[in-house]
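> If it helps, the file is called data-v2.cif and holds mmCIF, C-alpha atoms and all ligand atoms:
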data_target
#
loop_
_atom_site.label_atom_id
_atom_site.label_comp_id
_atom_site.auth_asym_id
_atom_site.auth_seq_id
_atom_site.Cartn_x
_atom_site.Cartn_y
_atom_site.Cartn_z
CA MET A 254 14.23 6.26 30.46
CA ALA A 255 15.78 9.72 30.15
CA GLU A 256 18.61 8.60 27.85
CA TYR A 257 16.18 7.55 25.09
CA LYS A 258 15.69 10.36 22.59
CA GLY A 259 14.27 10.96 19.14
CA VAL A 260 12.17 9.13 16.61
CA MET A 261 13.57 6.41 14.34
CA ILE A 262 12.06 4.87 11.25
CA TYR A 263 13.16 1.66 9.55
CA GLY A 264 13.61 2.49 5.86
CA GLU A 265 12.83 -0.30 3.42
CA VAL A 266 14.48 -0.28 0.03
CA ALA A 267 12.79 -1.74 -3.07
CA GLU A 268 14.45 -2.08 -6.45
CA GLY A 269 17.28 0.29 -5.51
CA LYS A 270 14.96 3.07 -4.30
CA LEU A 271 13.34 4.04 -1.02
CA ALA A 272 10.11 2.02 -0.83
CA ALA A 273 6.84 4.01 -0.84
CA ILE A 274 6.23 2.96 2.78
CA THR A 275 9.60 4.45 3.78
CA ILE A 276 8.58 7.85 2.42
CA GLU A 277 5.29 7.62 4.34
CA LEU A 278 7.12 6.66 7.54
CA LEU A 279 9.47 9.62 7.10
CA GLY A 280 6.43 11.95 6.85
CA CYS A 281 4.80 10.44 9.93
CA GLY A 282 8.08 10.29 11.88
CA ARG A 283 8.81 13.95 11.04
CA LYS A 284 5.49 15.00 12.59
CA LEU A 285 6.09 12.94 15.75
CA ALA A 286 9.67 14.23 16.09
CA ASP A 287 8.53 17.85 15.64
CA ASP A 288 5.78 17.38 18.25
CA LEU A 289 8.42 16.06 20.67
CA GLY A 290 10.95 18.74 19.64
CA GLN A 291 13.43 15.98 18.85
CA GLU A 292 15.33 14.52 15.88
CA LEU A 293 14.06 12.11 13.25
CA CYS A 294 16.49 9.44 12.12
CA ALA A 295 16.14 6.71 9.50
CA VAL A 296 17.93 3.37 9.31
CA LEU A 297 18.80 1.85 5.95
CA VAL A 298 19.98 -1.77 5.92
CA GLY A 299 21.12 -3.59 2.77
CA SER A 300 23.84 -3.82 0.17
CA ASN A 301 24.83 -0.83 -2.01
CA ILE A 302 22.24 1.39 -0.38
CA SER A 303 24.45 4.19 1.01
CA SER A 304 23.52 6.54 -1.83
CA LEU A 305 19.89 6.49 -0.64
CA ALA A 306 20.73 8.23 2.64
CA GLN A 307 20.48 11.67 1.01
CA GLU A 308 17.08 10.72 -0.36
CA ALA A 309 15.86 9.87 3.16
CA ILE A 310 17.07 13.31 4.28
CA ALA A 311 15.22 14.96 1.37
CA PHE A 312 12.02 13.29 2.63
CA GLY A 313 12.40 14.46 6.24
CA ALA A 314 15.21 12.66 8.16
CA ASP A 315 17.72 14.66 10.23
CA LYS A 316 20.08 11.73 10.50
CA VAL A 317 20.45 8.46 8.59
CA TYR A 318 22.16 5.33 9.95
CA VAL A 319 23.42 3.15 7.11
CA VAL A 320 24.34 -0.51 7.53
CA ASP A 321 25.70 -1.48 4.12
CA ALA A 322 27.25 -4.93 3.61
CA PRO A 323 27.19 -7.54 0.80
CA LEU A 324 25.77 -10.07 3.28
CA LEU A 325 22.71 -7.86 3.66
CA LYS A 326 21.85 -7.99 -0.05
CA ASP A 327 18.68 -10.01 0.53
CA TYR A 328 16.29 -9.60 3.43
CA GLN A 329 16.92 -12.32 5.95
CA THR A 330 15.45 -12.25 9.45
CA ASP A 331 18.57 -13.06 11.51
CA SER A 332 20.98 -10.71 9.75
CA TYR A 333 18.57 -7.77 9.47
CA MET A 334 17.44 -8.15 13.06
CA LEU A 335 21.05 -8.17 14.30
CA ALA A 336 21.81 -5.06 12.24
CA MET A 337 18.69 -3.27 13.51
CA GLU A 338 19.29 -4.27 17.12
CA LYS A 339 22.80 -2.87 16.92
CA VAL A 340 21.60 0.48 15.53
CA VAL A 341 18.73 0.80 18.00
CA ARG A 342 20.97 0.01 21.00
CA GLN A 343 23.45 2.63 19.78
CA ALA A 344 20.94 5.37 18.88
CA MET A 345 18.43 4.67 21.69
CA PRO A 346 15.34 6.23 20.09
CA GLN A 347 12.20 6.83 22.15
CA ILE A 348 10.10 5.70 19.21
CA LEU A 349 10.79 3.18 16.44
CA ILE A 350 8.37 2.91 13.51
CA LEU A 351 8.37 0.25 10.80
CA GLY A 352 5.97 -0.49 7.94
CA GLN A 353 3.26 -3.13 8.32
CA THR A 354 4.96 -5.05 5.51
CA SER A 355 6.36 -8.56 5.46
CA MET A 356 9.68 -7.14 6.76
CA GLY A 357 8.10 -4.92 9.41
CA ARG A 358 5.80 -7.72 10.60
CA ASP A 359 8.83 -9.96 10.97
CA LEU A 360 11.23 -7.49 12.58
CA ALA A 361 9.04 -5.47 14.95
CA PRO A 362 7.98 -8.21 17.41
CA ARG A 363 11.47 -9.76 17.42
CA LEU A 364 13.10 -6.42 18.15
CA ALA A 365 10.53 -5.68 20.84
CA PHE A 366 11.34 -8.99 22.54
CA ARG A 367 15.10 -8.44 22.37
CA LEU A 368 14.83 -4.85 23.59
CA GLU A 369 12.40 -5.83 26.37
CA THR A 370 9.66 -3.54 25.16
CA ALA A 371 6.40 -3.96 23.18
CA ALA A 372 5.22 -3.45 19.61
CA SER A 373 1.80 -2.29 18.36
CA MET A 374 1.19 -3.81 14.96
CA ASP A 375 -0.76 -2.37 12.03
CA CYS A 376 -1.33 1.15 13.39
CA ILE A 377 -3.38 3.54 11.29
CA GLU A 378 -2.71 6.64 13.36
CA LEU A 379 0.21 7.74 15.53
CA ALA A 380 0.34 10.89 17.63
CA ILE A 381 2.11 12.30 20.68
CA ASP A 382 0.07 12.64 23.87
CA PRO A 383 0.60 16.28 24.89
CA GLY A 384 0.66 15.42 28.61
CA SER A 385 2.73 12.24 28.94
CA LYS A 386 4.65 12.72 25.64
CA LEU A 387 4.06 9.03 24.99
CA MET A 388 3.12 7.85 21.49
CA LEU A 389 -0.62 7.21 21.05
CA GLN A 390 -0.87 4.14 18.84
CA THR A 391 -4.26 3.61 17.18
CA ARG A 392 -5.01 0.33 15.44
CA PRO A 393 -8.04 -1.67 14.33
CA VAL A 394 -9.21 -4.36 16.76
CA TYR A 395 -11.90 -7.07 16.70
CA GLY A 396 -11.24 -7.82 13.03
CA GLY A 397 -11.53 -4.17 12.03
CA ASN A 398 -14.88 -3.55 13.75
CA ALA A 399 -13.42 -1.10 16.28
CA GLN A 400 -10.27 0.92 16.89
CA ALA A 401 -8.23 1.09 20.07
CA THR A 402 -5.50 3.50 21.13
CA PHE A 403 -2.56 2.14 23.12
CA THR A 404 0.45 3.61 24.86
CA CYS A 405 3.57 1.72 25.80
CA GLY A 406 5.37 2.39 29.08
CA THR A 407 8.75 1.03 27.93
CA TYR A 408 11.26 2.44 25.43
CA PRO A 409 11.64 2.31 22.54
CA GLN A 410 7.93 2.45 21.81
CA ILE A 411 7.66 0.30 18.68
CA ALA A 412 4.85 0.46 16.14
CA THR A 413 4.25 -0.81 12.63
CA VAL A 414 2.18 1.36 10.33
CA ARG A 415 -0.30 0.30 7.66
CA ALA A 416 0.61 1.42 4.14
CA LYS A 417 -1.14 4.54 2.87
CA SER A 418 -2.38 5.55 6.32
CA MET A 419 0.21 8.34 6.77
CA SER A 420 1.00 11.40 4.65
CA SER A 421 4.45 11.84 3.20
CA LEU A 422 6.30 15.13 2.82
CA GLU A 423 7.24 16.80 -0.44
CA ARG A 424 10.80 15.91 -1.47
CA ASP A 425 13.15 18.78 -0.60
CA ALA A 426 16.62 18.21 -2.04
CA SER A 427 17.99 21.21 -0.14
CA ARG A 428 17.37 19.60 3.27
CA GLN A 429 20.56 18.94 5.23
CA GLY A 430 21.23 15.95 7.45
CA LYS A 431 23.90 13.70 8.86
CA VAL A 432 24.82 10.23 7.60
CA ILE A 433 26.31 7.74 10.05
CA THR A 434 27.79 4.47 8.81
CA ILE A 435 27.48 1.50 11.13
CA GLU A 436 29.58 -1.63 10.54
CA ALA A 437 27.40 -4.72 10.22
CA ASP A 438 29.94 -6.95 12.10
CA LEU A 439 27.69 -9.92 11.50
CA ASN A 440 28.39 -13.03 13.48
CA LEU A 441 27.81 -15.66 10.79
CA SER A 442 27.01 -18.36 13.34
CA ALA A 443 23.97 -16.33 14.45
CA ILE A 444 22.50 -16.48 10.95
CA LYS A 445 20.46 -19.67 10.92
CA ALA A 446 18.50 -19.34 7.67
CA LYS A 447 19.79 -18.94 4.12
CA VAL A 448 17.98 -17.38 1.15
CA LEU A 449 18.09 -20.10 -1.53
CA GLU A 450 15.92 -18.46 -4.13
CA LYS A 451 13.86 -15.31 -4.61
CA VAL A 452 10.67 -15.58 -6.64
CA THR A 453 9.12 -12.28 -7.65
CA GLU A 454 5.37 -12.37 -8.08
CA LYS A 455 4.50 -11.26 -11.61
CA VAL A 456 1.76 -8.66 -11.64
CA GLU A 457 0.13 -7.42 -14.79
CA GLY A 458 -1.13 -3.86 -14.46
CA VAL A 459 -1.45 -2.18 -11.07
CA LYS A 460 -0.38 -3.97 -7.86
CA LEU A 461 -3.31 -4.73 -5.56
CA GLU A 462 -1.77 -2.84 -2.63
CA ASP A 463 -1.07 0.24 -4.78
CA ALA A 464 -4.33 0.35 -6.73
CA ALA A 465 -6.62 3.37 -6.34
CA VAL A 466 -9.56 1.15 -7.38
CA VAL A 467 -10.03 -2.46 -6.26
CA VAL A 468 -12.80 -4.72 -7.57
CA SER A 469 -13.08 -7.65 -5.16
CA GLY A 470 -15.10 -10.79 -5.65
CA GLY A 471 -16.38 -13.33 -3.17
CA ARG A 472 -17.75 -16.86 -3.15
CA GLY A 473 -20.89 -15.63 -4.91
CA ILE A 474 -18.89 -15.07 -8.11
CA GLY A 475 -19.03 -18.85 -8.45
CA ASN A 476 -16.01 -19.72 -10.59
CA ALA A 477 -12.81 -18.51 -12.29
CA GLU A 478 -14.79 -17.48 -15.37
CA GLY A 479 -16.84 -15.04 -13.29
CA PHE A 480 -13.66 -13.33 -12.10
CA LYS A 481 -12.78 -12.57 -15.75
CA GLN A 482 -15.70 -10.10 -15.72
CA LEU A 483 -14.29 -8.42 -12.60
CA GLU A 484 -10.87 -8.27 -14.29
CA GLU A 485 -12.41 -6.53 -17.28
CA LEU A 486 -14.06 -3.92 -15.05
CA ALA A 487 -10.88 -3.43 -13.00
CA LYS A 488 -8.87 -2.92 -16.18
CA ILE A 489 -11.18 -0.18 -17.46
CA LEU A 490 -11.04 1.52 -14.06
CA LYS A 491 -7.22 1.18 -14.06
CA GLY A 492 -7.53 -0.84 -10.86
CA ALA A 493 -6.73 -4.31 -9.55
CA VAL A 494 -8.79 -7.37 -8.63
CA GLY A 495 -9.02 -8.71 -5.09
CA ALA A 496 -10.89 -11.64 -3.57
CA THR A 497 -12.15 -13.13 -0.36
CA ARG A 498 -10.65 -16.37 0.90
CA PRO A 499 -13.02 -18.90 -0.73
CA PRO A 500 -12.13 -17.95 -4.37
CA CYS A 501 -8.42 -18.29 -3.47
CA ASP A 502 -8.96 -21.60 -1.65
CA ASN A 503 -10.92 -22.86 -4.67
CA ASP A 504 -8.12 -21.84 -7.05
CA TRP A 505 -10.42 -19.55 -9.03
CA VAL A 506 -7.83 -16.79 -8.50
CA PRO A 507 -4.20 -16.65 -7.24
CA ASP A 508 -3.62 -16.65 -3.47
CA GLY A 509 -1.94 -13.24 -3.81
CA TRP A 510 -5.35 -11.70 -4.53
CA GLN A 511 -6.75 -12.45 -1.07
CA VAL A 512 -7.71 -9.37 0.93
CA GLY A 513 -8.14 -9.60 4.68
CA LEU A 514 -6.75 -10.71 7.97
CA THR A 515 -4.60 -13.40 6.39
CA GLY A 516 -4.32 -11.66 3.03
CA LYS A 517 -3.39 -8.20 1.80
CA ILE A 518 -4.43 -4.92 3.36
CA VAL A 519 -5.67 -2.38 0.85
CA THR A 520 -6.73 1.24 1.24
CA PRO A 521 -7.94 2.31 -2.23
CA ASP A 522 -10.10 5.33 -3.01
CA LEU A 523 -12.78 2.94 -4.28
CA TYR A 524 -13.41 -0.67 -3.17
CA ILE A 525 -16.12 -2.47 -5.13
CA ALA A 526 -17.15 -5.53 -3.10
CA VAL A 527 -18.98 -7.99 -5.34
CA ALA A 528 -20.87 -11.06 -4.08
CA LEU A 529 -19.02 -11.20 -0.79
CA SER A 530 -20.73 -11.16 2.59
CA GLY A 531 -18.40 -8.76 4.46
CA SER A 532 -16.94 -11.09 7.10
CA SER A 533 -14.83 -9.39 9.76
CA GLN A 534 -11.78 -11.30 8.48
CA HIS A 535 -12.27 -9.83 5.02
CA MET A 536 -13.17 -6.32 6.18
CA SER A 537 -10.03 -6.03 8.28
CA GLY A 538 -8.15 -5.91 4.97
CA CYS A 539 -10.27 -3.25 3.25
CA SER A 540 -12.06 -1.21 5.93
CA GLY A 541 -9.60 1.65 5.41
CA SER A 542 -10.90 2.15 1.83
CA LYS A 543 -12.19 5.68 1.24
CA ASN A 544 -15.38 4.46 -0.48
CA ILE A 545 -16.85 0.97 -0.35
CA VAL A 546 -19.55 0.01 -2.86
CA ALA A 547 -21.28 -3.30 -2.18
CA ILE A 548 -23.12 -5.46 -4.72
CA ASN A 549 -24.97 -8.38 -3.11
CA LYS A 550 -28.24 -10.17 -3.74
CA ASP A 551 -28.93 -10.51 0.00
CA PRO A 552 -30.19 -7.20 1.48
CA GLU A 553 -29.28 -8.50 4.96
CA ALA A 554 -25.61 -9.16 4.05
CA ASN A 555 -23.18 -7.65 6.55
CA ILE A 556 -21.30 -5.84 3.77
CA PHE A 557 -24.16 -3.32 3.54
CA LYS A 558 -23.43 -2.25 7.14
CA GLN A 559 -19.84 -1.47 6.16
CA ALA A 560 -20.39 -0.02 2.68
CA HIS A 561 -20.86 3.64 1.82
CA PHE A 562 -23.04 2.71 -1.18
CA GLY A 563 -24.95 -0.50 -1.79
CA ILE A 564 -26.74 -2.21 -4.69
CA VAL A 565 -29.03 -5.15 -3.91
CA GLY A 566 -29.09 -7.55 -6.86
CA ASP A 567 -27.43 -10.26 -8.89
CA TRP A 568 -23.87 -9.31 -9.84
CA LYS A 569 -24.29 -11.17 -13.15
CA LYS A 570 -26.75 -8.46 -14.24
CA ILE A 571 -25.13 -5.48 -12.51
CA ILE A 572 -21.45 -5.91 -13.44
CA PRO A 573 -21.93 -6.26 -17.23
CA ALA A 574 -24.28 -3.24 -17.27
CA PHE A 575 -21.90 -1.20 -15.11
CA THR A 576 -18.88 -2.20 -17.22
CA ALA A 577 -20.69 -1.22 -20.41
CA LYS A 578 -21.65 2.17 -18.91
CA VAL A 579 -18.08 2.89 -17.76
CA LYS A 580 -16.81 1.96 -21.23
CA GLU A 581 -19.34 4.30 -22.80
CA LEU A 582 -18.40 7.17 -20.46
CA ARG A 583 -14.69 6.57 -21.05
CA ALA A 584 -15.19 6.56 -24.81
CA GLY A 585 -17.16 9.80 -24.69
C1 LIG A 601 -8.42 -17.38 10.82
C2 LIG A 601 -9.22 -16.98 9.62
C3 LIG A 601 -8.67 -16.08 8.73
C4 LIG A 601 -9.40 -15.68 7.62
N1 LIG A 601 -8.84 -14.76 6.77
C5 LIG A 601 -9.59 -14.30 5.75
C6 LIG A 601 -9.09 -13.28 4.88
O1 LIG A 601 -7.94 -12.83 5.00
N2 LIG A 601 -9.87 -12.85 3.89
C7 LIG A 601 -11.15 -13.33 3.69
O2 LIG A 601 -11.83 -12.86 2.76
N3 LIG A 601 -11.64 -14.30 4.47
C8 LIG A 601 -10.89 -14.80 5.48
N4 LIG A 601 -11.41 -15.77 6.27
C9 LIG A 601 -12.70 -16.39 5.88
C10 LIG A 601 -13.90 -15.59 6.37
O3 LIG A 601 -14.23 -15.98 7.68
C11 LIG A 601 -15.11 -15.82 5.47
O4 LIG A 601 -15.40 -17.20 5.44
C12 LIG A 601 -14.93 -15.35 4.05
O5 LIG A 601 -14.47 -14.02 4.04
C13 LIG A 601 -16.27 -15.43 3.33
O6 LIG A 601 -16.07 -15.14 1.97
P1 LIG A 601 -17.26 -14.61 1.07
O7 LIG A 601 -17.80 -13.35 1.64
O8 LIG A 601 -16.73 -14.58 -0.32
O9 LIG A 601 -18.30 -15.81 1.14
P2 LIG A 601 -19.74 -15.89 1.79
O10 LIG A 601 -19.70 -15.48 3.21
O11 LIG A 601 -20.25 -17.24 1.47
O12 LIG A 601 -20.58 -14.79 1.01
C14 LIG A 601 -20.97 -14.90 -0.32
C15 LIG A 601 -21.90 -13.73 -0.60
O13 LIG A 601 -22.19 -13.72 -1.97
C16 LIG A 601 -23.53 -13.29 -2.14
N5 LIG A 601 -23.97 -13.76 -3.45
C17 LIG A 601 -24.07 -15.04 -3.88
N6 LIG A 601 -24.47 -15.09 -5.17
C18 LIG A 601 -24.60 -13.78 -5.55
C19 LIG A 601 -24.99 -13.17 -6.76
N7 LIG A 601 -25.28 -13.89 -7.88
N8 LIG A 601 -25.04 -11.82 -6.83
C20 LIG A 601 -24.75 -11.07 -5.73
N9 LIG A 601 -24.39 -11.59 -4.55
C21 LIG A 601 -24.30 -12.94 -4.46
C22 LIG A 601 -24.27 -13.94 -0.97
O14 LIG A 601 -25.46 -13.23 -0.69
C23 LIG A 601 -23.23 -13.83 0.13
O15 LIG A 601 -23.42 -12.64 0.88
C24 LIG A 601 -10.69 -16.20 7.39
C25 LIG A 601 -11.24 -17.11 8.29
C26 LIG A 601 -10.51 -17.49 9.39
C27 LIG A 601 -11.12 -18.47 10.35
#
Once you've parsed the file, please lay out its structure as structure tokens.

Amino acid sequence: MAEYKGVMIYGEVAEGKLAAITIELLGCGRKLADDLGQELCAVLVGSNISSLAQEAIAFGADKVYVVDAPLLKDYQTDSYMLAMEKVVRQAMPQILILGQTSMGRDLAPRLAFRLETAASMDCIELAIDPGSKLMLQTRPVYGGNAQATFTCGTYPQIATVRAKSMSSLERDASRQGKVITIEADLNLSAIKAKVLEKVTEKVEGVKLEDAAVVVSGGRGIGNAEGFKQLEELAKILKGAVGATRPPCDNDWVPDGWQVGLTGKIVTPDLYIAVALSGSSQHMSGCSGSKNIVAINKDPEANIFKQAHFGIVGDWKKIIPAFTAKVKELRAG
């Protein structure tokens, strides 16, 4: 395994800029590379993205591989995987980190299979073991009820990282680095799927994944009307509304609001969990929140075991009173 060297991150691009997760990965990758005494490189794949290479350097990369081709305009599994496989085989990094995003979730296991290695998904902490120099990959297990740390004996060691779990570096425009252009050379016959249409989810206000405050409702909210009260509170707190699975399944709220194992993962500063029981499937999407406040009429509800603060009572009395108080404090 001696020929493998350095740390590589996969840099996602969103709306012509480096995505927030890319900047976090650069911060985390920089730390790992420094601990190994090796280089950090970033890979950018897409169309018209070459100008972003300097930005990746400003946020910590020593080297940026750019695969820029019109065919790569939209994310598509086959083409992006071929491009990434080519870069990884050429650069041979010891470590490859991607975001735990829809792209990272799609690419990481496929790359691991093709490169005959393994991928740890949804890591919340990465570090270098001082003895073995292997990457220690910590991720939630048992639906978020415990954490386990893994190492991988094959290279590259691949991990995806949960958004907002790593610290990014300050942008430093004076940082110097190298940009390497890689030809995509895509074999069109290997591209089996075509992007027919892209539908962008319209979000009013703050995006759930980016919100510093999330007010989440569960089955106990009872109907779509009830969620309007949570929306009002979220709006005053400049936050977003989330939900457990039942309100989404019942069409009280859009599917995109679901938090959990099969929904979104959020790590806000404040998570207000209203009339939800705290199932492991739900908690795996919000257990990384800095503060969890639970409101539930059942004192035995599991959510109270997970919450930092709890209020036992009927949300229909608590939420209007709380909203009125926040409004009053904001006005004053
Ligand atoms: C494979 C799989 C994946 C899943 N993925 C997800 C996921 O991603 N996200 C998710 O959320 N779930 C997911 N689930 C479903 C999960 O198992 C639970 O069923 C779900 O989270 C329960 O939602 P809840 O807490 O809203 O409902 P319940 O468990 O029914 O809890 C409702 C709570 O509301 C309280 N309550 C009722 N009325 C009031 C009131 N007036 N005031 C205050 N409190 C009140 C009750 O005391 C109760 O604790 C998944 C399940 C499976 C099998």
> Taking all atoms listed in the file into account, which residues are within 10 Å of ligand LIG 601 (chain A), as a ChimeraX atom specification?
/A:396,469-475,495-502,510-518,526-539,547-557,564-572
> Please indicate the distance in Å from CA of Phe562 (chain A) to CA of Val466 (chain A), rounded to one decimal place.
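Straight-line distance from CA of Phe562 (chain A) to CA of Val466 (chain A) works out to 14.9 Å.
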> For a quick check of your reading of the model, name the residues lying within 9 Å of the coordinate (18.4, 6.6, 7.1), counting only C-alpha atoms, and write them as a ChimeraX atom specification.
/A:261-264,294-298,303,305-310,314-319,432-433
> Can you measure CA of Gly269 (chain A) to CA of Ala322 (chain A) for me? One decimal in Å is fine.
14.5 Å
> So what do you get for CA of Asp321 (chain A) versus CA of Ile302 (chain A), distance-wise?
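One can read the CA of Asp321 (chain A) to CA of Ile302 (chain A) distance as 6.4 Å.
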> Which polymer residues have any atom within 7 Å of an atom of Ile274 (chain A), counting all atoms listed in the file, with same-chain residues fewer than 4 positions away left out, as a compact mmCIF listing (two decimals) with C-alpha atoms, keeping the file's coordinate frame?

# COMPACT_ATOMS: atom_id res chain seq x y z
CA LEU A 278 7.12 6.66 7.54
CA GLY A 352 5.97 -0.49 7.94
CA ALA A 416 0.61 1.42 4.14
> Under the rule that all atoms listed in the file are counted, which of A:Thr330, A:Ser542, A:Asn476, A:Ser355 is the nearest residue to Val506 (chain A)?
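Using all atoms listed in the file, Val506 (chain A) sits closest to A:Asn476.
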> Give me the residues within 8 Å of region 401-414 of chain A as JSON, numbers by chain, counting only C-alpha atoms and dropping any in the same chain fewer than 3 places off.
{"A": [254, 257, 278, 345, 346, 347, 348, 349, 350, 351, 352, 353, 357, 358, 361, 365, 368, 369, 370, 371, 372, 373, 374, 375, 376, 377, 378, 387, 388, 389, 390, 391, 392, 393, 394, 418]}
> Choose the residue, out of A:Lys481, A:Lys431, A:Lys386, A:Lys460, that has the smallest atom-to-atom separation from Val519 (chain A); count all atoms listed in the file.
A:Lys460
> Between A:Ser427, A:Asn544, A:Asn503, A:Ser304, which one has atoms that come closest to Thr520 (chain A), using all atoms listed in the file?
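The shortest atom-to-atom distance to Thr520 (chain A) comes from A:Asn544.
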> Determine the nearest neighbour of Val340 (chain A) from the options A:Ala437, A:Val452, A:Ala443, A:Leu324, counting only C-alpha atoms.
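The shortest atom-to-atom distance to Val340 (chain A) comes from A:Ala437.
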> Using all atoms listed in the file, which of the listed residues (A:Glu338, A:Asp504, A:Glu478, A:Asp463) sits closest to Gly492 (chain A)?
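Of A:Glu338, A:Asp504, A:Glu478, A:Asp463, the one nearest Gly492 (chain A) is A:Asp463, counting all atoms listed in the file.
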> Using all atoms listed in the file, determine which residues lie at most 8 Å from region 575-581 of chain A, disregarding the query and same-chain residues fewer than 5 positions distant; provide the list as a PDB file with C-alpha atoms, in the coordinates of the input.

ATOM      1  CA  GLU A 485     -12.410  -6.530 -17.280  1.00  0.00           C
ATOM      2  CA  LEU A 486     -14.060  -3.920 -15.050  1.00  0.00           C
ATOM      3  CA  ILE A 489     -11.180  -0.180 -17.460  1.00  0.00           C
TER       4      ILE A 489
END
> Just region 302-363 of chain A, please, as a tab-separated table (two decimals), in the first residue's frame (only C-alpha atoms).

chain	number	residue	atom	x	y	z
A	302	ILE	CA	-15.96	24.85	-12.93
A	303	SER	CA	-12.22	25.37	-13.55
A	304	SER	CA	-12.31	28.86	-12.05
A	305	LEU	CA	-13.27	27.36	-8.67
A	306	ALA	CA	-9.94	25.55	-8.29
A	307	GLN	CA	-8.30	28.65	-6.80
A	308	GLU	CA	-11.15	28.90	-4.31
A	309	ALA	CA	-10.51	25.32	-3.17
A	310	ILE	CA	-6.85	26.25	-2.65
A	311	ALA	CA	-7.88	29.33	-0.63
A	312	PHE	CA	-9.84	27.00	1.67
A	313	GLY	CA	-6.97	24.57	2.26
A	314	ALA	CA	-6.15	22.39	-0.80
A	315	ASP	CA	-2.53	21.96	-1.95
A	316	LYS	CA	-3.59	20.54	-5.28
A	317	VAL	CA	-6.85	20.56	-7.24
A	318	TYR	CA	-7.78	18.04	-9.94
A	319	VAL	CA	-10.33	19.51	-12.34
A	320	VAL	CA	-12.46	17.41	-14.68
A	321	ASP	CA	-14.35	20.00	-16.71
A	322	ALA	CA	-16.54	18.89	-19.64
A	323	PRO	CA	-19.95	19.95	-21.03
A	324	LEU	CA	-21.18	16.37	-20.54
A	325	LEU	CA	-20.63	16.78	-16.81
A	326	LYS	CA	-22.98	19.76	-16.54
A	327	ASP	CA	-25.54	17.84	-14.49
A	328	TYR	CA	-24.77	15.26	-11.83
A	329	GLN	CA	-25.26	11.82	-13.25
A	330	THR	CA	-24.05	8.69	-11.49
A	331	ASP	CA	-22.28	6.92	-14.39
A	332	SER	CA	-20.40	9.92	-15.75
A	333	TYR	CA	-19.36	11.34	-12.37
A	334	MET	CA	-18.30	7.94	-11.10
A	335	LEU	CA	-16.15	7.34	-14.19
A	336	ALA	CA	-14.55	10.77	-13.79
A	337	MET	CA	-13.88	10.19	-10.08
A	338	GLU	CA	-12.54	6.69	-10.62
A	339	LYS	CA	-10.10	8.02	-13.19
A	340	VAL	CA	-8.81	10.74	-10.85
A	341	VAL	CA	-8.53	8.43	-7.85
A	342	ARG	CA	-6.65	5.77	-9.84
A	343	GLN	CA	-4.25	8.45	-11.09
A	344	ALA	CA	-3.72	10.29	-7.78
A	345	MET	CA	-3.88	7.21	-5.49
A	346	PRO	CA	-4.83	8.97	-2.24
A	347	GLN	CA	-4.66	7.12	1.07
A	348	ILE	CA	-7.90	8.78	2.13
A	349	LEU	CA	-10.91	9.95	0.11
A	350	ILE	CA	-13.63	12.00	1.81
A	351	LEU	CA	-17.00	12.96	0.36
A	352	GLY	CA	-20.02	14.72	1.85
A	353	GLN	CA	-22.96	12.71	3.20
A	354	THR	CA	-25.11	14.34	0.52
A	355	SER	CA	-27.17	12.79	-2.24
A	356	MET	CA	-24.03	12.83	-4.45
A	357	GLY	CA	-21.70	11.49	-1.78
A	358	ARG	CA	-24.16	8.76	-0.77
A	359	ASP	CA	-24.36	7.70	-4.40
A	360	LEU	CA	-20.67	7.89	-5.30
A	361	ALA	CA	-18.88	6.61	-2.19
A	362	PRO	CA	-20.13	3.00	-2.12
A	363	ARG	CA	-19.81	2.64	-5.91
